[in-house]
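See below for the structure under consideration.
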Amino acid sequence: VGSLGLTLLVGEETYGAKNWIDLGVFSLQPSEFVKLALIYVFAIYLSERRALRGNLPALAFAGVCLLLIVLQKDLGAVLICFVLCLFMYYAATGNLLLCSLAVVAACGGAVLMYLLFDHVQLRVAMWQNPWVSPTEGGYQIIQALVAIGSGGMAGLGLGLGSPTTIPVYDTDFIFAALCEEMGILVGLMVLLVYVLLFLRAGLLALRSRSALDSLLCVGVLASLSSQTFLIVGGVVKMIPLTGVTLPFISYGGSSLLSSMLMLGVLQGVSINAGRREESAWLRAHGREEAET
């Protein structure tokens, strides 16, 4: 929370969002690590299956984080954090009424942010029709679609495309550059790798006998899957562009480190689950040998 507040005071504004802190040698994006903090806070509180009153500290922490990120105008990070909190809370409590109310409130907040922030209005307008401003507001999405189309199914070849014509091609629009040079088929294979990762995270959540471990998996799954959907959906013009990075592929140390830490969480849960299963197997076979 402190890092988010510091970002509001001394952060740098990029593409309408004030979400970077320049540390001289490198820049840091605190909102990337807030996702991990939310995952751990929610997992710790919700794993004890307390009533709503007992979970208020976690909900208050999430509310403060979301508010600070909204003030930074980093709406992509807000949406990812909201989705992971919503999924974790529903997975832990099954409270459909409260989760539905949260979704309704989020929709109202989205409309309010659209009315308040000019860059959000611009992104929605360019999503509807980028050809209204092909050399300014719609330039990014038009170039991304042209790049994907020119690459075709097989791609132009590694290093043979022109990804640099797409603004921020190495971060927000890396998927378009990948499809141009390596083809739509490779792009689909990359998405398949993401799907397999998300399925493994979901299966691990079901396999874990600890509520804490299961909720950690749910949080990581919700965070990475929503982030992937937001950026790929924005690049192919399925949804308005939100300006987040593609996990493990886009350039950016904060995003890559955050994503790798989430993989570390999954690996730790997998190790714990394996140890519990091994202990259970040894106890079961020990009893069988004692009986014989």
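Residue numbers start at 1 in each chain; chains themselves are named A, B, ... in the order of the structure tokens; ligands are numbered from 1 in the order shown.
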message = Which of segment 21-253 of chain A end up as helix (DSSP H, G or I) when DSSP is run on this backbone - answer as a PyMOL selection string?
response = chain A and resi 30-46+52-71+75-93+96-116+118-128+130-132+139-151+163-165+174-182+184-207+211-235+253
inquiry  = For Gly264 of chain A, find every residue with an atom within 12 Å (counting only C-alpha atoms), except residues of its own chain fewer than 5 positions away, and show them as a PyMOL selection string.
reply    = chain A and resi 36+201+216-217+220+257-259+269-271
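Using only C-alpha atoms, the nearest neighbour of Phe248 of chain A within the list A:Leu263, A:Ala91, A:Leu86, A:Leu66 is A:Leu263.
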request  = Write out as a ChimeraX atom specification the residues lying within 9 Å of segment 164-168 of chain A, counting only C-alpha atoms and excluding same-chain residues fewer than 5 positions away.
outcome  = /A:139-144,147,173-174,176-177
For the residues selected in the previous step, produce a file with all heavy atoms as a tab-separated table (two decimals), in the first residue's frame.
chain	number	residue	atom	x	y	z
A	139	TYR	N	-3.99	4.32	-34.28
A	139	TYR	CA	-2.80	3.83	-34.97
A	139	TYR	C	-2.31	2.50	-34.42
A	139	TYR	O	-1.96	1.59	-35.17
A	139	TYR	CB	-1.69	4.87	-34.88
A	139	TYR	CG	-0.44	4.51	-35.63
A	139	TYR	CD1	-0.38	4.62	-37.01
A	139	TYR	CD2	0.70	4.04	-34.95
A	139	TYR	CE1	0.77	4.29	-37.72
A	139	TYR	CE2	1.85	3.71	-35.64
A	139	TYR	CZ	1.88	3.84	-37.01
A	139	TYR	OH	3.02	3.49	-37.70
A	140	GLN	N	-2.29	2.37	-33.08
A	140	GLN	CA	-1.77	1.14	-32.46
A	140	GLN	C	-2.55	-0.08	-32.88
A	140	GLN	O	-1.99	-1.07	-33.36
A	140	GLN	CB	-1.83	1.28	-30.93
A	140	GLN	CG	-0.74	2.15	-30.33
A	140	GLN	CD	-0.85	2.19	-28.82
A	140	GLN	OE1	-1.92	2.41	-28.27
A	140	GLN	NE2	0.24	1.97	-28.13
A	141	ILE	N	-3.87	-0.04	-32.69
A	141	ILE	CA	-4.67	-1.22	-32.96
A	141	ILE	C	-4.70	-1.56	-34.44
A	141	ILE	O	-4.69	-2.73	-34.82
A	141	ILE	CB	-6.10	-1.04	-32.39
A	141	ILE	CG1	-6.88	-2.34	-32.50
A	141	ILE	CG2	-6.83	0.10	-33.07
A	141	ILE	CD1	-6.33	-3.47	-31.68
A	142	ILE	N	-4.68	-0.53	-35.31
A	142	ILE	CA	-4.67	-0.78	-36.75
A	142	ILE	C	-3.38	-1.47	-37.16
A	142	ILE	O	-3.39	-2.47	-37.90
A	142	ILE	CB	-4.86	0.54	-37.53
A	142	ILE	CG1	-6.29	1.05	-37.36
A	142	ILE	CG2	-4.54	0.34	-39.01
A	142	ILE	CD1	-6.53	2.41	-37.96
A	143	GLN	N	-2.25	-0.97	-36.67
A	143	GLN	CA	-0.97	-1.58	-37.00
A	143	GLN	C	-0.87	-3.01	-36.46
A	143	GLN	O	-0.27	-3.89	-37.10
A	143	GLN	CB	0.17	-0.73	-36.45
A	143	GLN	CG	0.34	0.61	-37.15
A	143	GLN	CD	0.63	0.46	-38.63
A	143	GLN	OE1	1.44	-0.37	-39.04
A	143	GLN	NE2	-0.04	1.26	-39.43
A	144	ALA	N	-1.46	-3.24	-35.29
A	144	ALA	CA	-1.43	-4.59	-34.72
A	144	ALA	C	-2.24	-5.57	-35.59
A	144	ALA	O	-1.79	-6.68	-35.88
A	144	ALA	CB	-1.98	-4.57	-33.30
A	147	ALA	N	-0.38	-6.23	-38.80
A	147	ALA	CA	0.76	-7.12	-38.56
A	147	ALA	C	0.30	-8.57	-38.46
A	147	ALA	O	0.90	-9.47	-39.06
A	147	ALA	CB	1.49	-6.71	-37.29
A	173	PHE	N	1.99	-4.87	-27.20
A	173	PHE	CA	1.62	-5.48	-28.48
A	173	PHE	C	2.58	-6.57	-28.92
A	173	PHE	O	2.73	-6.82	-30.11
A	173	PHE	CB	1.52	-4.39	-29.56
A	173	PHE	CG	0.28	-3.54	-29.44
A	173	PHE	CD1	0.28	-2.41	-28.66
A	173	PHE	CD2	-0.88	-3.90	-30.10
A	173	PHE	CE1	-0.85	-1.63	-28.54
A	173	PHE	CE2	-2.03	-3.13	-29.99
A	173	PHE	CZ	-2.01	-1.99	-29.21
A	174	ILE	N	3.22	-7.23	-27.97
A	174	ILE	CA	4.16	-8.29	-28.31
A	174	ILE	C	3.48	-9.46	-29.01
A	174	ILE	O	4.07	-10.12	-29.87
A	174	ILE	CB	4.91	-8.77	-27.03
A	174	ILE	CG1	6.06	-9.70	-27.39
A	174	ILE	CG2	3.94	-9.45	-26.08
A	174	ILE	CD1	7.18	-9.02	-28.11
A	176	ALA	N	1.06	-9.29	-31.22
A	176	ALA	CA	0.93	-8.96	-32.64
A	176	ALA	C	2.25	-9.16	-33.36
A	176	ALA	O	2.30	-9.69	-34.48
A	176	ALA	CB	0.44	-7.53	-32.79
A	177	ALA	N	3.35	-8.74	-32.73
A	177	ALA	CA	4.67	-8.92	-33.34
A	177	ALA	C	5.00	-10.40	-33.48
A	177	ALA	O	5.57	-10.83	-34.50
A	177	ALA	CB	5.73	-8.22	-32.48
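For segment 23-32 of chain A, the residues within 8 Å (counting only C-alpha atoms, excluding itself and residues fewer than 2 positions away along the chain) are Ser3, Leu4, Thr7, Asn19, Trp20, Ile21, Val34, Lys35, Leu36, Ile69, Ala77, Gly253, Ser254, Ser255 and Ser258 of chain A.
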So that I have them on file, write out the residues from the current selection with C-alpha atoms, as a PDB file, in the first residue's frame.
ATOM      1  CA  SER A   3       4.488   1.763  -2.574  1.00  0.00           C
ATOM      2  CA  LEU A   4       1.198   2.566  -4.325  1.00  0.00           C
ATOM      3  CA  THR A   7       3.768   6.055  -6.877  1.00  0.00           C
ATOM      4  CA  ASN A  19       2.169   3.658 -12.296  1.00  0.00           C
ATOM      5  CA  TRP A  20       5.980   3.720 -12.528  1.00  0.00           C
ATOM      6  CA  ILE A  21       8.652   4.760 -10.018  1.00  0.00           C
ATOM      7  CA  VAL A  34       0.384  -5.785  -5.232  1.00  0.00           C
ATOM      8  CA  LYS A  35      -1.223  -8.732  -7.010  1.00  0.00           C
ATOM      9  CA  LEU A  36       0.996 -11.112  -5.045  1.00  0.00           C
ATOM     10  CA  ILE A  69      -4.526   1.903  -8.396  1.00  0.00           C
ATOM     11  CA  ALA A  77      -4.183  -3.547 -13.062  1.00  0.00           C
ATOM     12  CA  GLY A 253      11.240  -6.586 -15.373  1.00  0.00           C
ATOM     13  CA  SER A 254       8.415  -5.912 -12.912  1.00  0.00           C
ATOM     14  CA  SER A 255       5.911  -7.983 -14.880  1.00  0.00           C
ATOM     15  CA  SER A 258       5.895 -10.920 -10.629  1.00  0.00           C
TER      16      SER A 258
END
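Summary of the local environment: counting only C-alpha atoms, residues at most 12 Å from segment 95-99 of chain A, other than itself and those fewer than 4 positions away along its chain, are A:Arg49, A:Ala51, A:Leu52, A:Leu59, A:Phe82, A:Val83, A:Leu84, A:Cys85, A:Leu86, A:Phe87, A:Met88, A:Tyr89, A:Tyr90, A:Ala91, A:Val103, A:Val104, A:Ala105, A:Ala106.
Distances from A:Leu224, A:Val70, A:Val146, A:Ile231 to Gly109 of chain A were compared using only C-alpha atoms, and the smallest one belongs to A:Val70.
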query = Please, what distance in Å, to one decimal, runs between atom CA of Leu221 of chain A and atom CA of Met182 of chain A?
reply = 27.1 Å
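Counting only C-alpha atoms and comparing A:Leu185, A:Trp127, A:Tyr40, A:Asp74, the residue that lies closest to Ala58 of chain A is A:Tyr40.
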